file query.txt (compact mmCIF, C-alpha atoms)
# COMPACT_ATOMS: atom_id res chain seq x y z
CA MET L 20 177.76 160.51 -72.04
CA GLU L 21 178.70 161.11 -68.39
CA SER L 22 176.75 164.40 -68.34
CA SER L 23 173.68 162.74 -69.84
CA LEU L 24 170.57 161.96 -67.81
CA ASN L 25 170.99 158.42 -69.10
CA PRO L 26 174.76 157.72 -69.15
CA LYS L 27 174.31 154.03 -69.99
CA LYS L 28 172.03 154.68 -72.94
CA ARG L 29 174.42 153.07 -75.44
CA LEU L 30 174.84 149.94 -73.32
CA LYS L 31 171.07 149.59 -72.90
CA GLU L 32 170.51 149.90 -76.64
CA GLU L 33 173.18 147.28 -77.33
CA PHE L 34 171.58 144.99 -74.73
CA VAL L 35 168.34 144.83 -76.76
CA SER L 36 170.09 144.59 -80.13
CA ASN L 37 170.49 141.44 -82.24
CA LEU L 38 167.97 139.46 -80.19
CA LYS L 39 165.77 136.79 -81.78
CA GLY L 40 163.00 136.58 -79.20
CA SER L 41 161.00 133.49 -78.27
CA SER L 42 160.15 130.47 -80.37
CA MET L 43 156.63 130.04 -81.71
CA LEU L 44 156.20 127.04 -79.41
CA GLU L 45 157.01 129.16 -76.37
CA ILE L 46 154.56 131.81 -77.54
CA ALA L 47 151.87 129.16 -78.02
CA ALA L 48 152.53 127.78 -74.53
CA LEU L 49 152.39 131.20 -72.87
CA SER L 50 149.29 132.02 -74.91
CA SER L 51 147.68 129.03 -73.21
CA LEU L 52 149.05 129.44 -69.71
CA ILE L 53 148.28 133.11 -69.09
CA PRO L 54 144.62 133.05 -70.22
CA LEU L 55 144.20 129.81 -68.24
CA LEU L 56 145.23 131.80 -65.16
CA PHE L 57 142.39 134.22 -65.87
CA VAL L 58 139.87 131.41 -66.41
CA PHE L 59 140.98 129.86 -63.10
CA GLN L 60 140.60 133.17 -61.28
CA HIS L 61 137.15 133.65 -62.82
CA SER L 62 136.13 130.26 -61.45
CA ILE L 63 137.23 130.98 -57.86
CA SER L 64 136.55 134.71 -57.54
CA SER L 65 133.15 134.13 -55.95
CA PHE L 66 134.82 132.33 -53.00
CA TYR L 67 136.81 135.35 -51.82
CA THR L 68 134.32 138.04 -52.86
CA ASN L 69 131.54 136.25 -50.92
CA GLY L 70 129.15 137.05 -53.72
CA CYS L 71 128.96 140.72 -52.72
CA ASN L 72 129.28 143.66 -55.05
CA VAL L 73 131.98 145.99 -53.75
CA ARG L 74 132.93 147.55 -57.04
CA ILE L 75 132.28 151.24 -56.53
CA LYS L 76 130.98 151.42 -52.95
CA LYS L 77 133.05 153.89 -50.96
CA HIS L 78 131.96 152.44 -47.63
CA HIS L 79 133.60 149.18 -48.72
CA GLY L 80 137.00 150.72 -49.38
CA SER L 81 138.98 148.19 -47.37
CA SER L 82 137.11 145.25 -48.93
CA TYR L 83 137.67 146.70 -52.38
CA MET L 84 141.44 147.00 -51.90
CA ALA L 85 141.63 143.53 -50.36
CA ILE L 86 139.85 141.94 -53.31
CA LEU L 87 141.98 143.93 -55.75
CA THR L 88 145.10 142.63 -54.01
CA LEU L 89 143.83 139.05 -54.18
CA ASP L 90 143.17 139.50 -57.90
CA PHE L 91 146.76 140.69 -58.26
CA LEU L 92 148.04 137.62 -56.39
CA PHE L 93 146.04 135.20 -58.55
CA LEU L 94 146.60 136.93 -61.91
CA LEU L 95 149.68 139.13 -62.16
CA LEU L 96 151.95 137.47 -59.61
CA PRO L 97 152.00 134.05 -61.35
CA THR L 98 152.16 135.77 -64.75
CA LEU L 99 155.35 137.56 -63.71
CA PHE L 100 156.82 134.33 -62.41
CA PHE L 101 156.04 132.41 -65.60
CA LEU L 102 157.59 135.17 -67.71
CA THR L 103 160.77 135.21 -65.61
CA VAL L 104 162.03 132.67 -63.08
CA LEU L 105 159.57 129.89 -64.04
CA ALA L 106 159.94 130.31 -67.81
CA GLU L 107 161.33 126.77 -68.16
CA TRP L 108 158.18 125.28 -66.59
CA ILE L 109 155.51 126.79 -68.81
CA PHE L 110 154.48 123.54 -70.54
CA ILE L 111 154.04 121.42 -67.41
CA SER L 112 152.41 124.38 -65.61
CA ALA L 113 149.88 124.79 -68.42
CA ILE L 114 149.02 121.09 -68.26
CA LEU L 115 148.51 121.13 -64.49
CA LEU L 116 146.45 124.31 -64.59
CA ALA L 117 144.32 123.00 -67.44
CA ALA L 118 143.68 119.79 -65.50
CA LEU L 119 142.53 121.81 -62.52
CA ILE L 120 140.24 124.06 -64.56
CA PHE L 121 138.63 121.31 -66.59
CA THR L 122 138.08 119.30 -63.41
CA ILE L 123 136.18 122.27 -62.00
CA ALA L 124 134.20 122.55 -65.24
CA ALA L 125 133.69 118.74 -65.34
CA LYS L 126 134.54 118.72 -69.04
CA ARG L 127 136.95 115.80 -69.11
CA TRP L 128 136.85 115.40 -72.88
CA LEU L 129 138.08 118.96 -73.24
CA LEU L 130 140.81 118.23 -70.69
CA LEU L 131 141.98 115.20 -72.66
CA ALA L 132 142.11 117.16 -75.92
CA PHE L 133 143.90 120.15 -74.38
CA VAL L 134 146.48 118.13 -72.47
CA SER L 135 147.18 116.02 -75.55
CA TRP L 136 147.79 119.20 -77.54
CA LEU L 137 150.22 120.56 -74.94
CA LEU L 138 152.08 117.24 -74.74
CA ILE L 139 152.48 117.27 -78.51
CA LEU L 140 153.84 120.81 -78.33
CA GLU L 141 156.30 119.80 -75.62
CA TYR L 142 157.44 116.78 -77.66
CA ILE L 143 157.95 118.98 -80.73
CA GLN L 144 159.92 121.46 -78.63
CA GLU L 145 162.25 118.71 -77.40
CA ASP L 146 162.72 117.22 -80.86
CA MET L 147 163.08 120.33 -83.02
CA PRO L 148 165.92 122.83 -83.25
CA LYS L 149 165.23 126.15 -81.59
CA LEU L 150 163.71 128.38 -84.22
CA ARG L 151 163.59 131.87 -82.76
CA HIS L 152 162.15 135.09 -84.10
CA MET L 153 162.55 138.74 -83.16
CA MET L 154 159.03 139.96 -82.45
CA ASP L 155 156.67 141.87 -80.20
CA CYS L 156 153.20 140.34 -80.18
CA GLY L 157 151.76 143.12 -78.03
CA VAL L 158 151.62 145.84 -80.68
CA GLY L 159 149.96 143.54 -83.21
CA SER L 160 147.49 142.27 -80.63
CA PHE L 161 146.54 145.86 -79.84
CA ILE L 162 145.73 146.56 -83.51
CA LEU L 163 143.76 143.32 -83.83
CA ALA L 164 141.77 143.82 -80.62
CA ASN L 165 140.68 147.25 -81.84
CA SER L 166 139.62 145.91 -85.23
CA LEU L 167 137.58 142.98 -83.89
CA VAL L 168 135.19 145.33 -82.03
CA SER L 169 135.54 148.39 -84.27
CA ARG L 170 132.65 150.39 -85.72
CA GLN L 171 133.37 148.77 -89.06
CA ALA L 172 133.12 145.23 -87.65
CA ARG L 173 129.81 146.14 -85.98
CA SER L 174 128.44 147.58 -89.25
CA LEU L 175 127.87 150.97 -87.67
CA SER L 176 127.64 154.06 -89.84
CA PHE L 177 130.93 155.47 -91.05
CA VAL L 178 132.16 158.66 -89.44
CA SER L 179 133.32 161.54 -91.61
CA LEU L 180 136.98 162.02 -92.44
CA LYS L 181 137.02 165.19 -90.37
CA ALA L 182 135.64 163.38 -87.33
CA SER L 183 138.13 160.55 -87.85
CA ILE L 184 141.06 162.96 -87.96
CA GLN L 185 139.78 164.67 -84.82
CA SER L 186 139.55 161.32 -83.02
CA THR L 187 143.05 160.45 -84.24
CA SER L 188 144.62 163.73 -83.08
CA PRO L 189 145.25 162.47 -79.50
CA LEU L 190 147.31 159.59 -80.94
CA LEU L 191 149.40 162.08 -82.90
CA LEU L 192 149.86 164.19 -79.77
CA LEU L 193 150.92 161.10 -77.83
CA GLY L 194 153.33 160.19 -80.60
CA PHE L 195 154.96 163.61 -80.61
CA GLY L 196 154.88 163.67 -76.81
CA ARG L 197 156.76 160.38 -76.64
CA LEU L 198 159.28 161.61 -79.21
CA LEU L 199 159.85 164.84 -77.28
CA SER L 200 160.12 163.15 -73.87
CA THR L 201 162.58 160.46 -75.01
CA ASN L 202 164.80 163.05 -76.68
CA THR L 203 164.64 165.37 -73.68
CA VAL L 204 165.85 162.79 -71.14
CA ASP L 205 168.11 161.03 -73.67
CA TYR L 206 166.14 157.81 -73.22
CA GLN L 207 167.35 154.65 -74.96
CA VAL L 208 165.51 153.97 -78.22
CA HIS L 209 166.36 151.12 -80.57
CA VAL L 210 166.07 152.78 -83.98
CA GLY L 211 165.72 149.38 -85.66
CA GLU L 212 162.28 149.02 -84.05
CA TYR L 213 160.37 151.83 -85.79
CA GLY L 214 163.05 154.25 -86.93
CA VAL L 215 164.61 157.44 -85.60
CA HIS L 216 161.42 159.46 -85.00
CA TRP L 217 158.57 157.00 -85.50
CA ASN L 218 156.71 155.18 -82.73
CA PHE L 219 153.64 152.99 -82.39
CA PHE L 220 151.26 155.90 -81.73
CA PHE L 221 152.00 157.21 -85.23
CA THR L 222 151.28 153.75 -86.65
CA LEU L 223 147.91 153.64 -84.87
CA ALA L 224 147.03 157.09 -86.21
CA ALA L 225 148.05 156.12 -89.76
CA VAL L 226 145.93 152.94 -89.70
CA SER L 227 142.94 154.89 -88.41
CA ILE L 228 143.23 157.56 -91.11
CA LEU L 229 143.71 155.02 -93.93
CA THR L 230 140.65 153.08 -92.77
CA SER L 231 138.59 156.28 -92.80
CA ILE L 232 139.75 157.31 -96.27
CA ILE L 233 139.26 153.90 -97.92
CA ARG L 234 135.90 152.60 -96.70
CA VAL L 235 134.97 149.00 -97.33
CA PRO L 236 131.94 147.06 -95.98
CA PRO L 237 133.03 144.66 -93.21
CA GLN L 238 132.12 141.55 -95.20
CA TYR L 239 134.64 142.58 -97.87
CA SER L 240 137.35 144.26 -95.80
CA GLY L 241 139.25 140.99 -95.42
CA ILE L 242 139.58 140.71 -99.22
CA LEU L 243 141.18 144.16 -99.36
CA GLY L 244 143.35 143.36 -96.36
CA LEU L 245 144.55 140.10 -97.88
CA ALA L 246 145.29 141.79 -101.22
CA ILE L 247 147.37 144.48 -99.48
CA LEU L 248 149.19 141.88 -97.39
CA ILE L 249 150.03 139.68 -100.38
CA GLY L 250 151.24 142.67 -102.38
CA TYR L 251 153.32 143.93 -99.46
CA GLN L 252 154.84 140.47 -98.89
CA PHE L 253 155.71 140.19 -102.60
CA TRP L 254 157.43 143.57 -102.36
CA LEU L 255 159.34 142.44 -99.27
CA VAL L 256 160.75 139.25 -100.75
CA ASN L 257 161.71 141.09 -103.93
CA GLY L 258 164.12 143.48 -102.26
CA LEU L 259 162.25 145.68 -99.80
CA ASN L 260 163.25 143.46 -96.84
CA VAL L 261 166.94 144.02 -97.64
CA TYR L 262 166.38 147.78 -97.49
CA LEU L 263 164.34 147.64 -94.27
CA LEU L 264 166.77 145.35 -92.44
CA SER L 265 169.91 147.24 -93.43
CA ASP L 266 171.54 149.71 -91.05
CA GLU L 267 172.03 152.31 -93.76
CA ARG L 268 169.88 155.43 -93.51
CA GLY L 269 169.70 158.52 -95.65
CA ALA L 270 169.01 162.07 -94.54
CA ASP L 271 165.34 162.10 -95.59
CA ILE L 272 162.42 161.38 -93.25
CA LEU L 273 161.40 158.21 -95.12
CA SER L 274 164.84 156.64 -94.81
CA LYS L 275 165.21 157.60 -91.16
CA ASN L 276 161.86 156.00 -90.31
CA LYS L 277 161.66 153.25 -92.94
CA GLU L 278 160.65 150.46 -90.52
CA GLY L 279 157.73 152.37 -89.05
CA ILE L 280 156.44 153.85 -92.30
CA PHE L 281 156.57 150.72 -94.47
CA SER L 282 155.19 148.46 -91.72
CA ILE L 283 151.97 150.50 -91.85
CA LEU L 284 150.98 148.33 -94.83
CA GLY L 285 151.22 145.20 -92.68
CA TYR L 286 149.34 146.71 -89.74
CA TRP L 287 146.64 148.15 -91.98
CA SER L 288 146.09 144.76 -93.63
CA MET L 289 145.94 143.18 -90.15
CA TYR L 290 143.29 145.70 -89.12
CA LEU L 291 141.19 145.03 -92.23
CA LEU L 292 141.41 141.27 -91.69
CA GLY L 293 140.43 141.79 -88.05
CA VAL L 294 137.35 143.78 -89.11
CA GLN L 295 136.10 140.90 -91.26
CA PHE L 296 136.88 138.34 -88.55
CA GLY L 297 135.01 140.44 -85.99
CA TYR L 298 132.02 140.77 -88.30
CA TYR L 299 132.00 137.06 -89.16
CA LEU L 300 132.60 135.74 -85.65
CA PHE L 301 130.56 138.07 -83.46
CA PHE L 302 128.45 140.70 -85.23
CA GLY L 303 127.40 139.48 -88.67
CA ASN L 304 124.76 136.88 -87.76
CA GLN L 305 122.20 138.95 -85.90
CA SER L 306 119.32 136.63 -86.80
CA SER L 307 120.66 133.69 -84.75
CA THR L 308 119.84 133.27 -81.11
CA LYS L 309 122.42 134.52 -78.63
CA MET L 310 123.29 131.07 -77.29
CA LYS L 311 123.72 129.64 -80.76
CA SER L 312 125.90 132.59 -81.80
CA ILE L 313 128.14 132.20 -78.76
CA LYS L 314 128.48 128.46 -79.33
CA TRP L 315 129.44 128.85 -82.98
CA ALA L 316 131.73 131.79 -82.24
CA ARG L 317 133.64 129.65 -79.72
CA ILE L 318 134.09 126.83 -82.25
CA ARG L 319 135.08 129.20 -85.04
CA VAL L 320 137.63 131.07 -82.91
CA LEU L 321 139.32 127.79 -81.97
CA PHE L 322 139.28 126.57 -85.58
CA PHE L 323 140.80 129.78 -86.93
CA SER L 324 143.47 129.73 -84.23
CA LEU L 325 144.62 126.23 -85.24
CA LEU L 326 144.41 127.05 -88.96
CA LEU L 327 146.37 130.29 -88.58
CA TRP L 328 149.09 128.58 -86.52
CA LEU L 329 149.51 126.09 -89.37
CA ILE L 330 149.67 128.89 -91.94
CA THR L 331 152.21 130.77 -89.81
CA VAL L 332 154.55 127.76 -89.63
CA ILE L 333 154.33 127.30 -93.42
CA LEU L 334 154.99 130.99 -94.12
CA ASP L 335 157.85 131.12 -91.63
CA ARG L 336 159.62 128.15 -93.19
CA HIS L 337 158.89 128.62 -96.88
CA VAL L 338 158.23 132.34 -97.49
CA GLU L 339 159.88 134.60 -94.90
CA SER L 340 160.63 134.35 -91.19
CA VAL L 341 158.33 136.14 -88.79
CA SER L 342 159.34 139.80 -88.41
CA ARG L 343 157.55 142.36 -86.28
CA ARG L 344 160.02 144.95 -87.53
CA MET L 345 158.62 144.64 -91.08
CA CYS L 346 155.16 143.43 -90.01
CA ASN L 347 155.30 140.82 -92.75
CA MET L 348 152.69 138.20 -93.61
CA ALA L 349 154.05 135.61 -91.16
CA TYR L 350 153.88 138.16 -88.33
CA VAL L 351 150.28 139.08 -89.22
CA THR L 352 149.15 135.44 -89.20
CA LEU L 353 151.10 134.82 -85.98
CA VAL L 354 149.29 137.66 -84.20
CA LEU L 355 145.94 136.40 -85.49
CA ALA L 356 146.70 132.83 -84.37
CA GLN L 357 148.02 133.83 -80.95
CA SER L 358 145.17 136.27 -80.27
CA PHE L 359 142.47 133.78 -81.29
CA GLN L 360 144.13 131.14 -79.11
CA VAL L 361 143.95 133.46 -76.10
CA LEU L 362 140.35 134.36 -76.91
CA ALA L 363 139.33 130.71 -77.33
CA ILE L 364 140.73 129.82 -73.90
CA LEU L 365 139.11 132.83 -72.21
CA MET L 366 135.78 131.74 -73.66
CA LEU L 367 136.11 128.54 -71.64
CA SER L 368 134.81 130.58 -68.71
CA ASP L 369 131.35 130.00 -70.17
CA PHE L 370 131.60 126.33 -69.12
CA ILE L 371 132.17 127.20 -65.45
CA ALA L 372 129.15 127.98 -63.27
CA GLY L 373 129.43 131.22 -61.33
CA SER L 374 132.38 132.46 -63.38
CA ARG L 375 132.85 136.22 -63.28
CA MET L 376 135.37 138.80 -64.39
CA SER L 377 137.85 139.96 -61.77
CA LEU L 378 137.77 143.39 -60.18
CA LEU L 379 141.24 144.10 -61.52
CA GLU L 380 140.16 143.38 -65.10
CA GLU L 381 137.17 145.70 -64.75
CA ALA L 382 139.42 148.45 -63.39
CA VAL L 383 141.90 148.16 -66.25
CA ASN L 384 139.10 147.92 -68.85
CA ARG L 385 137.68 151.21 -67.61
CA ASN L 386 140.95 153.04 -68.29
CA LEU L 387 142.83 151.01 -70.89
CA LEU L 388 144.76 153.87 -72.46
CA GLY L 389 145.40 155.56 -69.12
CA THR L 390 146.76 152.32 -67.67
CA PHE L 391 148.93 151.77 -70.74
CA LEU L 392 150.38 155.28 -70.52
CA LEU L 393 151.03 154.95 -66.79
CA ALA L 394 152.79 151.63 -67.43
CA ASN L 395 155.05 153.36 -69.96
CA VAL L 396 155.83 156.21 -67.58
CA LEU L 397 156.64 153.81 -64.72
CA THR L 398 158.85 151.77 -67.07
CA GLY L 399 160.74 154.92 -68.01
CA LEU L 400 161.17 155.98 -64.39
CA VAL L 401 162.55 152.56 -63.45
CA ASN L 402 164.95 152.51 -66.39
CA MET L 403 166.19 156.02 -65.60
CA SER L 404 166.61 155.51 -61.85
CA VAL L 405 167.80 151.88 -61.58
CA ASP L 406 170.87 150.22 -63.08
CA THR L 407 168.73 147.59 -64.76
CA LEU L 408 171.62 146.07 -66.72
CA PHE L 409 173.39 144.82 -63.61
CA SER L 410 170.48 144.14 -61.25
CA THR L 411 170.48 140.78 -59.47
CA THR L 412 167.63 138.34 -60.07
CA PRO L 413 165.99 138.92 -56.65
CA SER L 414 166.15 142.71 -56.97
CA ALA L 415 164.87 142.63 -60.55
CA LEU L 416 161.94 140.41 -59.55
CA PHE L 417 161.16 142.69 -56.59
CA ILE L 418 161.11 145.75 -58.85
CA LEU L 419 158.78 144.00 -61.29
CA LEU L 420 156.39 142.99 -58.51
CA VAL L 421 156.29 146.51 -57.05
CA TYR L 422 155.83 147.97 -60.53
CA ALA L 423 152.92 145.63 -61.33
CA TYR L 424 151.26 146.17 -57.94
CA VAL L 425 151.50 149.98 -58.16
CA LEU L 426 150.01 149.83 -61.64
CA SER L 427 147.18 147.57 -60.43
CA ILE L 428 146.36 149.72 -57.41
CA SER L 429 146.42 152.88 -59.53
CA ALA L 430 143.92 151.40 -62.00
CA GLY L 431 141.80 150.15 -59.09
CA LEU L 432 141.71 153.57 -57.40
CA LEU L 433 140.54 155.23 -60.60
CA GLN L 434 137.77 152.65 -60.85
CA PHE L 435 136.88 153.01 -57.16
CA TYR L 436 136.42 156.78 -57.42
CA GLY L 437 134.61 156.59 -60.75
CA VAL L 438 137.34 158.36 -62.73
CA ARG L 439 137.62 157.62 -66.44
CA LEU L 440 140.57 159.06 -68.32
CA LYS L 441 138.95 159.75 -71.66
CA PHE L 442 141.21 161.64 -74.02
CA TRP L 443 138.75 162.01 -76.88
call {"tool": "encode", "arguments": {"input": "query.txt", "output": "structure tokens"}}
result
Amino acid sequence: MESSLNPKKRLKEEFVSNLKGSSMLEIAALSSLIPLLFVFQHSISSFYTNGCNVRIKKHHGSSYMAILTLDFLFLLLPTLFFLTVLAEWIFISAILLAALIFTIAAKRWLLLAFVSWLLILEYIQEDMPKLRHMMDCGVGSFILANSLVSRQARSLSFVSLKASIQSTSPLLLLGFGRLLSTNTVDYQVHVGEYGVHWNFFFTLAAVSILTSIIRVPPQYSGILGLAILIGYQFWLVNGLNVYLLSDERGADILSKNKEGIFSILGYWSMYLLGVQFGYYLFFGNQSSTKMKSIKWARIRVLFFSLLLWLITVILDRHVESVSRRMCNMAYVTLVLAQSFQVLAILMLSDFIAGSRMSLLEEAVNRNLLGTFLLANVLTGLVNMSVDTLFSTTPSALFILLVYAYVLSISAGLLQFYGVRLKFW
């Protein structure tokens, strides 16, 4: 391994092995705290932008970069702190931030309800044993976010299979590109995540192709999704989970990539459920007035978040523990619950007069895939050039801050010059 471009590959893979992740309570707390940061920034952005529009005006270059930096300081800087050195303070921080936001919005009854909920969560955390689960909520949230606003959820005409495959081809290219690049530089890859060759781009492509082949109206897609999920979960608890969680692999492609290939069933069911939720919550009731639709959507999102959290706890304790690796039923409901919780809190911005989206959010929204790919490239460069295993806390935090700021500025510059990285 000394001649390898990544001599500590084995140590890095062992470092991320046999981990159990965060508890559901910690995920719920972070899913409150981070969107609250965005709501707070939305409420104060008008104070440091002075009400002027400097979004794509080249003669306001210095003002644009200054506002982008302030957005970074209010959004990403505290997010990094709460995910690292302030991780033990997430409950009390969420309570304090909620109190500040609801005071601004003058909705004291909402403040009382929200703070009471957080205090209950904190009490449960103190009283219960630490139940921890190996998971990655990001990949599931990506699938769900796409489904909620998909063509299917909006009842738009179906595209042909040929057009769908053409639109999916960039994902396949990205998947093969990632596979080639990681093998070329001998980058650390935990095969228990998706398998030897599989990665999340292949999963996205597979879900897209399956959805194009089997077409279901949005008002019925959830029924199909639930049927697939129940059948898949039944298969898991009757022996498939033993096969997927074992370290044994055969020589065939299926065995080498069993986690990634079989988890497609879970992700596809999640997508189909997301399509029906998107249709029901946002696009299905076109006859109602806009204000009424927004009001009911806000209530429904909050209700479904609470209901899905309850279902997740029941599934986790009595059916099968949450597993992103298998994308089982408990993981699907967890992603739905967590995502709706984030969405419900972000919709609180509607209560605050003068609330507006930050410049940084607009910049990232313009180039979502480009920003995601750049983040992956920067992550790889850091891991290949820095001894991350033995970095001190101050140096690790400094690297994370520089990484996040470079990513933010890069997205902002693309927005400033009107560049949109559209791959298809």
call {"tool": "closest_residue", "arguments": {"input": "query.txt", "among": "L:Ala423, L:Ala246, L:Ala225, L:Cys346", "to": "Gly194 of chain L", "atoms": "all atoms listed in the file"}}
result
L:Ala225
call {"tool": "closest_atom_pairs", "arguments": {"input": "query.txt", "of": "segment 195-287 of chain L", "to": "segment 396-414 of chain L", "cutoff": "12 Å", "atoms": "all atoms listed in the file", "output": "JSON lines"}}
result
{"residue": "L:Gly196", "atom": "CA", "partner": "L:Val396", "partner_atom": "CA", "distance": 11.9}
{"residue": "L:Arg197", "atom": "CA", "partner": "L:Val396", "partner_atom": "CA", "distance": 10.0}
{"residue": "L:Ser200", "atom": "CA", "partner": "L:Gly399", "partner_atom": "CA", "distance": 10.1}
{"residue": "L:Thr201", "atom": "CA", "partner": "L:Gly399", "partner_atom": "CA", "distance": 9.1}
{"residue": "L:Val204", "atom": "CA", "partner": "L:Met403", "partner_atom": "CA", "distance": 8.8}
{"residue": "L:Asp205", "atom": "CA", "partner": "L:Met403", "partner_atom": "CA", "distance": 9.7}
{"residue": "L:Tyr206", "atom": "CA", "partner": "L:Met403", "partner_atom": "CA", "distance": 7.8}
{"residue": "L:Gln207", "atom": "CA", "partner": "L:Asn402", "partner_atom": "CA", "distance": 9.2}
{"residue": "L:Val208", "atom": "CA", "partner": "L:Gly399", "partner_atom": "CA", "distance": 11.3}
call {"tool": "residues_around", "arguments": {"input": "query.txt", "residues": "segment 87-101 of chain L", "least_positions_apart": "6", "cutoff": "8 Å", "atoms": "only C-alpha atoms", "output": "number ranges by chain"}}
result
L: 53, 56-57, 60, 108-109, 377-379, 419-420, 423-424, 427-428, 431
call {"tool": "residues_around", "arguments": {"input": "query.txt", "residues": "Thr390 of chain L", "least_positions_apart": "6", "cutoff": "8 Å", "atoms": "all atoms listed in the file", "output": "list in words"}}
result
Val383, Leu426 and Ala430 of chain L
call {"tool": "closest_residue", "arguments": {"input": "query.txt", "among": "L:Leu223, L:Leu102, L:Val215, L:Met376", "to": "Phe161 of chain L", "atoms": "all atoms listed in the file"}}
result
L:Leu223
call {"tool": "closest_residue", "arguments": {"input": "query.txt", "among": "L:Ser81, L:Ser358, L:Thr222, L:Gln252", "to": "Asn276 of chain L", "atoms": "all atoms listed in the file"}}
result
L:Thr222
call {"tool": "closest_residue", "arguments": {"input": "query.txt", "among": "L:Asn202, L:Gln238, L:Asn218, L:Ser42", "to": "Gln171 of chain L", "atoms": "only C-alpha atoms"}}
result
L:Gln238
call {"tool": "build_atoms", "arguments": {"input": "query.txt", "residues": "segment 160-165 of chain L", "atoms": "all heavy atoms", "output": "PDB file, in the frame of the given file"}}
result
ATOM      1  N   SER L 160     148.714 142.642 -81.350  1.00  0.00           N
ATOM      2  CA  SER L 160     147.490 142.270 -80.630  1.00  0.00           C
ATOM      3  C   SER L 160     146.631 143.488 -80.345  1.00  0.00           C
ATOM      4  O   SER L 160     145.393 143.407 -80.345  1.00  0.00           O
ATOM      5  CB  SER L 160     147.848 141.549 -79.333  1.00  0.00           C
ATOM      6  OG  SER L 160     148.570 140.373 -79.597  1.00  0.00           O
ATOM      7  N   PHE L 161     147.272 144.622 -80.102  1.00  0.00           N
ATOM      8  CA  PHE L 161     146.540 145.860 -79.840  1.00  0.00           C
ATOM      9  C   PHE L 161     145.751 146.287 -81.078  1.00  0.00           C
ATOM     10  O   PHE L 161     144.575 146.660 -80.993  1.00  0.00           O
ATOM     11  CB  PHE L 161     147.522 146.965 -79.431  1.00  0.00           C
ATOM     12  CG  PHE L 161     146.872 148.189 -78.873  1.00  0.00           C
ATOM     13  CD1 PHE L 161     146.613 148.298 -77.520  1.00  0.00           C
ATOM     14  CD2 PHE L 161     146.509 149.240 -79.700  1.00  0.00           C
ATOM     15  CE1 PHE L 161     146.002 149.436 -76.998  1.00  0.00           C
ATOM     16  CE2 PHE L 161     145.904 150.376 -79.197  1.00  0.00           C
ATOM     17  CZ  PHE L 161     145.652 150.471 -77.840  1.00  0.00           C
ATOM     18  N   ILE L 162     146.407 146.228 -82.242  1.00  0.00           N
ATOM     19  CA  ILE L 162     145.730 146.560 -83.510  1.00  0.00           C
ATOM     20  C   ILE L 162     144.557 145.608 -83.742  1.00  0.00           C
ATOM     21  O   ILE L 162     143.445 146.027 -84.079  1.00  0.00           O
ATOM     22  CB  ILE L 162     146.725 146.448 -84.673  1.00  0.00           C
ATOM     23  CG1 ILE L 162     147.730 147.604 -84.646  1.00  0.00           C
ATOM     24  CG2 ILE L 162     145.993 146.399 -86.017  1.00  0.00           C
ATOM     25  CD1 ILE L 162     147.252 148.879 -85.259  1.00  0.00           C
ATOM     26  N   LEU L 163     144.785 144.317 -83.559  1.00  0.00           N
ATOM     27  CA  LEU L 163     143.760 143.320 -83.830  1.00  0.00           C
ATOM     28  C   LEU L 163     142.567 143.463 -82.883  1.00  0.00           C
ATOM     29  O   LEU L 163     141.408 143.378 -83.310  1.00  0.00           O
ATOM     30  CB  LEU L 163     144.349 141.918 -83.725  1.00  0.00           C
ATOM     31  CG  LEU L 163     143.394 140.767 -84.035  1.00  0.00           C
ATOM     32  CD1 LEU L 163     142.887 140.862 -85.468  1.00  0.00           C
ATOM     33  CD2 LEU L 163     144.055 139.428 -83.795  1.00  0.00           C
ATOM     34  N   ALA L 164     142.849 143.672 -81.598  1.00  0.00           N
ATOM     35  CA  ALA L 164     141.770 143.820 -80.620  1.00  0.00           C
ATOM     36  C   ALA L 164     140.865 144.999 -80.977  1.00  0.00           C
ATOM     37  O   ALA L 164     139.637 144.920 -80.849  1.00  0.00           O
ATOM     38  CB  ALA L 164     142.349 143.995 -79.222  1.00  0.00           C
ATOM     39  N   ASN L 165     141.472 146.088 -81.434  1.00  0.00           N
ATOM     40  CA  ASN L 165     140.680 147.250 -81.840  1.00  0.00           C
ATOM     41  C   ASN L 165     139.822 146.943 -83.059  1.00  0.00           C
ATOM     42  O   ASN L 165     138.670 147.376 -83.142  1.00  0.00           O
ATOM     43  CB  ASN L 165     141.613 148.431 -82.145  1.00  0.00           C
ATOM     44  CG  ASN L 165     142.006 149.200 -80.906  1.00  0.00           C
ATOM     45  OD1 ASN L 165     141.291 150.072 -80.444  1.00  0.00           O
ATOM     46  ND2 ASN L 165     143.150 148.870 -80.351  1.00  0.00           N
TER      47      ASN L 165
END
